[in-house]
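J.: Take this structure, written in structure tokens, and hold onto it; I'll ask about it next.
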Amino acid sequence: MPAYHSIFLQDQNVRLIGNFALLPLRTRTRGPAYSLPALAPGTSELEIDPDSESYDSLDEVLSLFRANTFFRNFEIKGPADRLLIYGILFLGEALGKIKPTLGKKEAEKALLNAALDQFAIPGDASFPLNQAFEAPRDRQDAETLRQYLSQVRQELAMRLLARVYADGNTPSKWWLSFTKRKFMGKSL
């Protein structure tokens, strides 16, 4: 059974830095990403329809995370798959920060700190998947990519928090069961 790939692979006119796609996001976080429209009133962020104009690559990362963590190999079919891979690796790291005893406020602080921590980008010696990602051309592209990935990390942290703590102040045991899984045997 093959891994699940991004539905954003066919998107045209997507800005690339190296071979990493800077896809539009539905976000409240400042950064270089083009902003998608907010969800329609009455639409749950937890169950957004993939055909909605507000559905973004981060919704896709969250929906495909569980299925794709079971694959050791992932054939990259385009730039959107690289964002999917990065998002899945970050979610694995973020889930590791949430302990079963953490309340929602403490988990929020831990996840936002993890999202804002210094992190490697493609081309850095410590980036775990340099063989699949091209380095940015110059310093300006590197800074734009760092800002975009920071925006992605912050938004993913907040959306993950909403899912893990959907039932109140205790984390979902089901989500926490994925804390030890490593996508493609890697972590950020």
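By convention here, the chains of the structure tokens are called A, B, ... in the order presented, each chain's residues are numbered starting at 1, and ligands are numbered starting at 1 in the order presented.
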If we count only C-alpha atoms and set the cut-off at 6 Å, which residues sit around Gly18 (chain A), ignoring sequence neighbours fewer than 3 positions away in its own chain? Please answer as a list in words.
T.: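 Returned residues: Glu134, Ala135 and Pro136 of chain A.
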J.: So that I can check the secondary structure, give me every residue of region 14-187 of chain A assigned strand (DSSP E) by backbone DSSP, as a compact mmCIF listing (two decimals) with N, CA and C atoms, in the first residue's frame.
T.:
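Saved result, result_0.txt, follows:
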```txt
# COMPACT_ATOMS: atom_id res chain seq x y z
N ARG A 15 5.02 29.42 -5.40
CA ARG A 15 6.40 29.88 -5.22
C ARG A 15 7.24 28.76 -4.63
N LEU A 16 8.42 28.57 -5.18
CA LEU A 16 9.35 27.56 -4.69
C LEU A 16 10.61 28.23 -4.17
N ILE A 17 11.11 27.71 -3.08
CA ILE A 17 12.45 28.06 -2.61
C ILE A 17 13.20 26.76 -2.55
N PHE A 20 11.11 23.41 -2.31
CA PHE A 20 10.12 23.44 -1.24
C PHE A 20 9.03 24.43 -1.62
N ALA A 21 7.77 23.96 -1.62
CA ALA A 21 6.64 24.82 -2.01
C ALA A 21 6.21 25.72 -0.86
N LEU A 22 5.98 26.99 -1.16
CA LEU A 22 5.41 27.92 -0.19
C LEU A 22 3.93 28.05 -0.53
```
J.: To one decimal in Å, tell me the separation between CA of Leu116 (chain A) and CA of Pro32 (chain A).
T.: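 According to the coordinates, CA of Leu116 (chain A) and CA of Pro32 (chain A) are separated by 15.8 Å.
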J.: Report the residues of chain A whose backbone DSSP state falls under alpha helix (DSSP H), written as a PyMOL selection string.
T.: chain A and resi 57-68+79-97+104-116+139-164+173-176
J.: Can you pull out every residue within 12 Å of Asp81 (chain A), counting only C-alpha atoms, but drop anything in the same chain fewer than 2 positions away, and send it as number ranges by chain?
T.: A: 3-11, 19-23, 57-58, 60-61, 64, 68, 74-79, 83-88, 132-133
J.: Separation of CA of Glu143 (chain A) and CA of Ala33 (chain A), in Å?
T.: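 Computing it gives 13.1 Å between the two atoms.
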J.: Quick one: of A:Pro24, A:Leu156, A:Asn73, A:Trp174, who's nearest to Leu112 (chain A), counting only C-alpha atoms?
T.: A:Leu156
